[in-house]
Structure formats: C-alpha cells, structure tokens
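Have a look at query_34.cif; it's mmCIF, C-alpha atoms:
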data_structure
loop_
_atom_site.label_atom_id
_atom_site.label_comp_id
_atom_site.auth_asym_id
_atom_site.auth_seq_id
_atom_site.Cartn_x
_atom_site.Cartn_y
_atom_site.Cartn_z
CA MET X 1 17.14 -56.26 185.12
CA ASN X 2 13.42 -56.96 184.77
CA VAL X 3 11.61 -56.75 188.09
CA GLU X 4 7.95 -57.63 188.19
CA ILE X 5 5.98 -56.08 191.02
CA SER X 6 2.80 -57.82 192.04
CA THR X 7 0.17 -56.04 194.08
CA ALA X 8 -2.90 -57.76 195.40
CA THR X 9 -6.05 -56.01 194.33
CA THR X 10 -8.65 -55.48 197.00
CA GLU X 11 -11.43 -54.18 194.78
CA LEU X 12 -13.95 -55.90 192.55
CA VAL X 13 -16.11 -53.98 190.08
CA GLN X 14 -18.47 -55.95 187.88
CA ARG X 15 -21.49 -55.08 185.76
CA LEU X 16 -24.10 -57.83 185.71
CA SER X 17 -27.30 -58.39 183.79
CA ALA X 18 -30.36 -57.13 185.66
CA THR X 19 -31.81 -60.64 185.84
CA PRO X 20 -32.14 -63.25 188.58
CA ARG X 21 -29.10 -64.96 187.09
CA GLY X 22 -27.09 -61.73 187.44
CA ALA X 23 -28.18 -61.44 191.08
CA ARG X 24 -27.05 -65.02 191.81
CA LEU X 25 -23.73 -64.35 190.11
CA ALA X 26 -23.22 -61.23 192.25
CA ARG X 27 -23.51 -63.34 195.39
CA ARG X 28 -21.10 -65.97 194.06
CA LEU X 29 -18.58 -63.32 192.98
CA THR X 30 -18.70 -61.86 196.48
CA GLY X 31 -17.79 -65.19 198.08
CA ALA X 32 -15.02 -65.81 195.55
CA ALA X 33 -13.52 -62.32 195.96
CA LEU X 34 -13.53 -62.56 199.75
CA ALA X 35 -11.90 -66.01 199.60
CA THR X 36 -9.19 -64.56 197.33
CA TRP X 37 -8.64 -61.76 199.85
CA GLY X 38 -8.23 -64.24 202.73
CA TYR X 39 -11.79 -64.41 204.12
CA PRO X 40 -12.97 -68.02 203.64
CA HIS X 41 -16.38 -69.01 202.25
CA GLU X 42 -17.40 -70.57 205.55
CA GLY X 43 -16.49 -67.49 207.59
CA ASP X 44 -18.95 -65.04 209.13
CA LEU X 45 -17.78 -62.11 207.00
CA SER X 46 -18.29 -64.03 203.77
CA HIS X 47 -21.72 -65.33 204.80
CA THR X 48 -22.90 -61.89 205.90
CA ALA X 49 -21.50 -60.13 202.82
CA GLN X 50 -23.07 -62.69 200.49
CA LEU X 51 -26.45 -62.31 202.18
CA ILE X 52 -26.30 -58.52 201.89
CA VAL X 53 -25.23 -58.69 198.23
CA ALA X 54 -28.03 -61.16 197.53
CA GLU X 55 -30.61 -58.78 199.04
CA LEU X 56 -29.27 -55.69 197.29
CA ALA X 57 -28.84 -57.45 193.93
CA ALA X 58 -32.36 -58.88 194.15
CA ASN X 59 -33.69 -55.37 194.83
CA ALA X 60 -31.69 -53.97 191.91
CA VAL X 61 -33.07 -56.64 189.61
CA THR X 62 -36.65 -56.47 190.89
CA HIS X 63 -37.17 -52.78 191.63
CA GLY X 64 -34.26 -50.98 189.96
CA ARG X 65 -34.31 -52.66 186.58
CA VAL X 66 -34.40 -50.66 183.38
CA PRO X 67 -34.63 -52.80 180.22
CA GLY X 68 -31.27 -52.97 178.49
CA ARG X 69 -29.34 -51.67 181.52
CA ASP X 70 -27.12 -53.69 183.86
CA PHE X 71 -26.57 -53.26 187.56
CA GLU X 72 -23.12 -52.87 189.09
CA LEU X 73 -21.51 -54.67 192.02
CA ARG X 74 -18.54 -53.02 193.69
CA LEU X 75 -16.63 -54.54 196.61
CA GLY X 76 -13.67 -52.95 198.31
CA LEU X 77 -11.50 -53.79 201.29
CA LEU X 78 -10.74 -50.59 203.17
CA ARG X 79 -8.01 -51.92 205.43
CA GLU X 80 -7.26 -48.48 206.92
CA LYS X 81 -10.88 -48.42 208.18
CA ASN X 82 -10.98 -52.19 208.91
CA THR X 83 -14.04 -52.31 206.65
CA LEU X 84 -15.53 -54.14 203.68
CA ARG X 85 -17.55 -51.76 201.51
CA ILE X 86 -20.30 -53.18 199.30
CA GLU X 87 -22.02 -51.10 196.64
CA VAL X 88 -24.85 -52.16 194.35
CA SER X 89 -25.92 -49.61 191.73
CA ASP X 90 -29.02 -49.73 189.56
CA ALA X 91 -30.38 -47.54 186.78
CA ARG X 92 -33.63 -46.42 188.50
CA GLY X 93 -33.04 -43.14 190.30
CA ASP X 94 -36.76 -42.39 190.27
CA ARG X 95 -37.56 -45.27 192.63
CA LYS X 96 -36.55 -44.49 196.20
CA LEU X 97 -35.85 -47.19 198.75
CA ARG X 98 -38.71 -48.04 201.05
CA PHE X 99 -39.34 -50.33 203.96
CA LEU X 100 -42.49 -52.40 203.59
CA ASN X 101 -44.74 -53.19 206.51
CA GLY X 102 -44.59 -56.91 205.92
CA ARG X 103 -46.73 -59.38 207.82
CA PRO X 104 -45.17 -62.64 209.05
CA GLU X 105 -46.82 -64.60 206.23
CA ASP X 106 -45.56 -62.23 203.49
CA GLU X 107 -42.83 -63.57 201.21
CA HIS X 108 -41.30 -60.18 200.37
CA GLY X 109 -40.49 -56.87 202.00
CA ARG X 110 -37.76 -57.64 204.51
CA GLY X 111 -34.58 -57.22 202.46
CA LEU X 112 -33.67 -53.75 203.69
CA VAL X 113 -34.44 -54.74 207.27
CA VAL X 114 -31.92 -57.57 206.93
CA VAL X 115 -29.36 -55.14 205.49
CA GLN X 116 -29.96 -52.65 208.30
CA VAL X 117 -29.52 -55.31 210.98
CA LEU X 118 -26.31 -56.77 209.52
CA ALA X 119 -24.54 -53.60 208.36
CA SER X 120 -22.19 -51.51 210.45
CA LEU X 121 -23.27 -48.55 208.34
CA TRP X 122 -25.37 -48.21 205.16
CA GLY X 123 -27.02 -45.64 202.95
CA VAL X 124 -28.03 -44.55 199.47
CA SER X 125 -26.16 -42.26 197.08
CA GLU X 126 -27.64 -40.55 194.04
CA ARG X 127 -25.90 -41.01 190.68
CA ASP X 128 -26.24 -39.28 187.32
CA VAL X 129 -28.22 -42.34 186.26
CA GLY X 130 -29.80 -44.37 189.05
CA LYS X 131 -28.71 -44.86 192.63
CA THR X 132 -26.17 -46.78 194.69
CA VAL X 133 -26.98 -48.60 197.90
CA TRP X 134 -23.80 -48.97 199.93
CA VAL X 135 -23.03 -51.01 203.02
CA GLU X 136 -20.01 -51.16 205.28
CA LEU X 137 -19.13 -54.25 207.30
CA SER X 138 -16.44 -54.43 209.95
CA LEU X 139 -13.62 -56.82 209.10
CA SER X 140 -13.17 -57.74 212.77
CA PRO X 141 -15.74 -59.67 214.76
CA ARG X 142 -17.97 -57.40 216.79
CA GLN X 143 -19.93 -60.03 218.63
CA ARG X 144 -19.55 -60.92 222.29
CA PRO X 145 -18.67 -64.49 223.28
CA GLY X 146 -21.76 -66.68 223.37
CA THR X 147 -23.85 -64.58 220.97
CA PRO X 148 -25.15 -66.21 217.80
CA ARG X 149 -23.51 -65.56 214.45
CA PRO X 150 -25.19 -62.86 212.36
CA CYS X 151 -25.73 -65.19 209.42
CA PRO X 152 -25.54 -68.80 210.59
CA ARG X 153 -25.14 -71.69 208.20
CA ARG X 154 -25.75 -74.89 210.02
CA PRO X 155 -26.47 -78.25 208.46
CA GLY X 156 -30.05 -79.45 208.75
CA PRO X 157 -31.05 -82.20 211.15
CA ALA X 158 -29.74 -85.64 210.27
CA GLY X 159 -32.02 -88.29 208.95
#

Would you give me this structure, written as structure tokens?
Amino acid sequence: MNVEISTATTELVQRLSATPRGARLARRLTGAALATWGYPHEGDLSHTAQLIVAELAANAVTHGRVPGRDFELRLGLLREKNTLRIEVSDARGDRKLRFLNGRPEDEHGRGLVVVQVLASLWGVSERDVGKTVWVELSLSPRQRPGTPRPCPRRPGPAG
C-alpha cells in the first residue's frame, strides 16, 4: 500500500538579487507565503509583515549590498510561540545598523523606526558573512478595540 503523507510547510527561504527588484519580490513573496499559510493579503498580519520586509529588504539592497552577492529572506511560522519570524540577511557585516536623526522633510532614515514600532521583538545577529536582521510578530491581534490598525490600507478619497 502506497500512502502519501503531506505536511504543510511553514517556512520560506529565498535568496534574492540585491537590487530594488529583489526587494519588491521579497515583499510580494511575503504576502503570498502568508496567504498560503492562511493569513490573507488584506489582513493586518500580512500588511504589517510586508511593510517590515519591504523596509528590511530595502536596507539590505541599499546599505548591505556587496556586488555579486544576494540577500536572503527567511519567514517562519512558530506556532508554539504564536509568532511569525522574519529574517533578512545581507553580506555586509562591516556596516552596523543605525538610526538616523531624520527631519520631517527627509525622504530616508525612518525604516528601522517603523520596524521597531511594528515588531513584537527584533534584533541583529552576526553571521560568518554579513548580518541578519530578525523580527518577530505576534500571530494574534494585540490591539485594543477602537485602536487603529498598525498598517492601515484604506482606499483614497473618491472622486
């Protein structure tokens, strides 16, 4: 008797080109993976995770890029901890993370602030080559009734 056992995978590991196109793809892969795992595109978890991945991937491409080297996206559902873990690794271990003192009119410098505000927990791990920025998000809503969503997506005004 031939019995096929199917197990749902709850991990995504993907190397992507250290280009703006690779960063966009990382965000799209995040939404697709979460949808496959039962967290719809229009849900808060998906929106928040995609925003965090977009920020971390943009940083990896902009500040962590080494010519000829990719960056890596790793997503994992840790159901025992009720957590989504996001990891973005780049090849530049010599460049440490830093918060910029951005002015309101500045176009850059707020990515890590966004990550810090949205994450349940986050940090940086050293690697043999490069570094990994990791983020953990709770799988259950942590907001109180009546509070705004952490990453709203509302249609623009009509007309």

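Once the PyMOL selection byres ((chain X and resi 32) around 12) is applied to the depicted file, the selected set reads Leu12, Leu25, Ala26, Arg27, Arg28, Leu29, Thr30, Gly31, Ala33, Leu34, Ala35, Thr36, Trp37, Gly38, Tyr39, Pro40, His41, Glu42, Ser46, His47, Ala49, Gln50 and Leu75 of chain X.
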
Apply the PyMOL selection byres ((chain X and resi 84) around 12) to the structure shown and report the selected residues as an mmCIF file with C-alpha atoms, keeping the file's coordinate frame.
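Listed below is the output, expr26.cif:
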data_model
loop_
_atom_site.group_PDB
_atom_site.id
_atom_site.type_symbol
_atom_site.label_atom_id
_atom_site.label_comp_id
_atom_site.auth_asym_id
_atom_site.auth_seq_id
_atom_site.Cartn_x
_atom_site.Cartn_y
_atom_site.Cartn_z
ATOM 1 C CA THR X 10 -8.650 -55.480 197.000
ATOM 2 C CA GLU X 11 -11.430 -54.180 194.780
ATOM 3 C CA LEU X 12 -13.950 -55.900 192.550
ATOM 4 C CA THR X 30 -18.700 -61.860 196.480
ATOM 5 C CA ALA X 33 -13.520 -62.320 195.960
ATOM 6 C CA LEU X 34 -13.530 -62.560 199.750
ATOM 7 C CA TRP X 37 -8.640 -61.760 199.850
ATOM 8 C CA TYR X 39 -11.790 -64.410 204.120
ATOM 9 C CA LEU X 45 -17.780 -62.110 207.000
ATOM 10 C CA SER X 46 -18.290 -64.030 203.770
ATOM 11 C CA THR X 48 -22.900 -61.890 205.900
ATOM 12 C CA ALA X 49 -21.500 -60.130 202.820
ATOM 13 C CA GLN X 50 -23.070 -62.690 200.490
ATOM 14 C CA ILE X 52 -26.300 -58.520 201.890
ATOM 15 C CA ARG X 74 -18.540 -53.020 193.690
ATOM 16 C CA LEU X 75 -16.630 -54.540 196.610
ATOM 17 C CA GLY X 76 -13.670 -52.950 198.310
ATOM 18 C CA LEU X 77 -11.500 -53.790 201.290
ATOM 19 C CA LEU X 78 -10.740 -50.590 203.170
ATOM 20 C CA ARG X 79 -8.010 -51.920 205.430
ATOM 21 C CA GLU X 80 -7.260 -48.480 206.920
ATOM 22 C CA LYS X 81 -10.880 -48.420 208.180
ATOM 23 C CA ASN X 82 -10.980 -52.190 208.910
ATOM 24 C CA THR X 83 -14.040 -52.310 206.650
ATOM 25 C CA ARG X 85 -17.550 -51.760 201.510
ATOM 26 C CA ILE X 86 -20.300 -53.180 199.300
ATOM 27 C CA GLU X 87 -22.020 -51.100 196.640
ATOM 28 C CA ALA X 119 -24.540 -53.600 208.360
ATOM 29 C CA SER X 120 -22.190 -51.510 210.450
ATOM 30 C CA LEU X 121 -23.270 -48.550 208.340
ATOM 31 C CA TRP X 122 -25.370 -48.210 205.160
ATOM 32 C CA TRP X 134 -23.800 -48.970 199.930
ATOM 33 C CA VAL X 135 -23.030 -51.010 203.020
ATOM 34 C CA GLU X 136 -20.010 -51.160 205.280
ATOM 35 C CA LEU X 137 -19.130 -54.250 207.300
ATOM 36 C CA SER X 138 -16.440 -54.430 209.950
ATOM 37 C CA LEU X 139 -13.620 -56.820 209.100
ATOM 38 C CA SER X 140 -13.170 -57.740 212.770
#

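The interatomic distance for the pair atom CA of X:Val129 and atom CA of X:Ala57 works out to 17.0 Å.
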
| Residue list as JSON, numbers by chain for point (-32.9, -50.5, 178.9), cut-off 12 Å, all atoms listed in the file | {"X": [17, 18, 64, 65, 66, 67, 68, 69, 70, 71, 90, 91, 92, 129]}

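Taking atom CA of X:Thr132 and atom CA of X:Ala54 as the two end points, the separation is 14.8 Å.
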
| query | Near X:Gly111, within 9 Å and counting all atoms listed in the file, which residues show up once chain neighbours fewer than 5 positions away are dropped, as a list of chain:residue names? | reply | X:Ile52, X:Glu55, X:Leu56, X:Ala58, X:Asn59, X:Phe99, X:Gln116

Please produce an output containing C-alpha atoms for each residue in the selection, written as a PDB file, in the coordinates of the input.
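Just written: out-v6.pdb:
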ATOM      1  CA  ILE X  52     -26.300 -58.520 201.890  1.00  0.00           C
ATOM      2  CA  GLU X  55     -30.610 -58.780 199.040  1.00  0.00           C
ATOM      3  CA  LEU X  56     -29.270 -55.690 197.290  1.00  0.00           C
ATOM      4  CA  ALA X  58     -32.360 -58.880 194.150  1.00  0.00           C
ATOM      5  CA  ASN X  59     -33.690 -55.370 194.830  1.00  0.00           C
ATOM      6  CA  PHE X  99     -39.340 -50.330 203.960  1.00  0.00           C
ATOM      7  CA  GLN X 116     -29.960 -52.650 208.300  1.00  0.00           C
TER       8      GLN X 116
END

| message | Taking all atoms listed in the file into account, name the residue in X:Val53, X:Gly43, X:Val61, X:Val133 that is nearest to X:Arg21. | response | X:Val61

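Rounded to one decimal, atom CA of X:Arg127 and atom CA of X:Thr9 lie 25.1 Å from each other.
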
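Restricting the calculation to only C-alpha atoms, the smallest distance between X:Leu118 and any of X:Leu73, X:Ala60, X:Leu51, X:Val88 is found for X:Leu51.
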
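Residue nearest X:Thr62, chosen from X:Thr19, X:Gly130, X:Arg24, X:Asp44 and counting all atoms listed in the file: X:Thr19.
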
Dump stretch 51-97 of chain X with C-alpha atoms to a file, as a PDB file, in the first residue's frame.
ATOM      1  CA  LEU X  51       5.858  46.530   5.345  1.00  0.00           C
ATOM      2  CA  ILE X  52       8.608  45.181   7.602  1.00  0.00           C
ATOM      3  CA  VAL X  53      10.038  43.005   4.822  1.00  0.00           C
ATOM      4  CA  ALA X  54       9.957  45.975   2.450  1.00  0.00           C
ATOM      5  CA  GLU X  55      11.937  48.101   4.924  1.00  0.00           C
ATOM      6  CA  LEU X  56      14.475  45.384   5.732  1.00  0.00           C
ATOM      7  CA  ALA X  57      14.913  44.344   2.091  1.00  0.00           C
ATOM      8  CA  ALA X  58      15.364  47.972   1.029  1.00  0.00           C
ATOM      9  CA  ASN X  59      18.043  48.366   3.717  1.00  0.00           C
ATOM     10  CA  ALA X  60      19.751  45.149   2.594  1.00  0.00           C
ATOM     11  CA  VAL X  61      19.776  46.361  -1.002  1.00  0.00           C
ATOM     12  CA  THR X  62      20.790  49.942  -0.212  1.00  0.00           C
ATOM     13  CA  HIS X  63      23.198  49.582   2.707  1.00  0.00           C
ATOM     14  CA  GLY X  64      24.085  45.885   2.857  1.00  0.00           C
ATOM     15  CA  ARG X  65      24.802  45.243  -0.794  1.00  0.00           C
ATOM     16  CA  VAL X  66      28.024  43.615  -1.909  1.00  0.00           C
ATOM     17  CA  PRO X  67      28.377  43.341  -5.713  1.00  0.00           C
ATOM     18  CA  GLY X  68      27.708  39.790  -6.853  1.00  0.00           C
ATOM     19  CA  ARG X  69      26.071  38.752  -3.560  1.00  0.00           C
ATOM     20  CA  ASP X  70      22.369  38.185  -2.925  1.00  0.00           C
ATOM     21  CA  PHE X  71      20.365  38.871   0.192  1.00  0.00           C
ATOM     22  CA  GLU X  72      18.235  36.220   1.884  1.00  0.00           C
ATOM     23  CA  LEU X  73      14.631  36.341   3.057  1.00  0.00           C
ATOM     24  CA  ARG X  74      13.528  33.801   5.635  1.00  0.00           C
ATOM     25  CA  LEU X  75       9.981  33.565   7.008  1.00  0.00           C
ATOM     26  CA  GLY X  76       8.821  31.061   9.574  1.00  0.00           C
ATOM     27  CA  LEU X  77       5.604  30.422  11.450  1.00  0.00           C
ATOM     28  CA  LEU X  78       6.461  29.467  15.016  1.00  0.00           C
ATOM     29  CA  ARG X  79       3.053  28.215  16.081  1.00  0.00           C
ATOM     30  CA  GLU X  80       4.298  27.065  19.501  1.00  0.00           C
ATOM     31  CA  LYS X  81       5.256  30.709  20.196  1.00  0.00           C
ATOM     32  CA  ASN X  82       2.265  32.157  18.279  1.00  0.00           C
ATOM     33  CA  THR X  83       4.804  34.119  16.242  1.00  0.00           C
ATOM     34  CA  LEU X  84       5.846  34.942  12.693  1.00  0.00           C
ATOM     35  CA  ARG X  85       9.624  35.290  12.443  1.00  0.00           C
ATOM     36  CA  ILE X  86      11.082  37.373   9.621  1.00  0.00           C
ATOM     37  CA  GLU X  87      14.793  37.367   8.825  1.00  0.00           C
ATOM     38  CA  VAL X  88      16.591  39.392   6.172  1.00  0.00           C
ATOM     39  CA  SER X  89      20.313  38.686   5.772  1.00  0.00           C
ATOM     40  CA  ASP X  90      22.826  40.709   3.798  1.00  0.00           C
ATOM     41  CA  ALA X  91      26.511  40.316   3.016  1.00  0.00           C
ATOM     42  CA  ARG X  92      27.801  43.476   4.772  1.00  0.00           C
ATOM     43  CA  GLY X  93      28.832  42.623   8.316  1.00  0.00           C
ATOM     44  CA  ASP X  94      31.047  45.698   8.479  1.00  0.00           C
ATOM     45  CA  ARG X  95      28.078  48.076   8.315  1.00  0.00           C
ATOM     46  CA  LYS X  96      26.193  48.206  11.598  1.00  0.00           C
ATOM     47  CA  LEU X  97      22.569  49.268  11.821  1.00  0.00           C
TER      48      LEU X  97
END
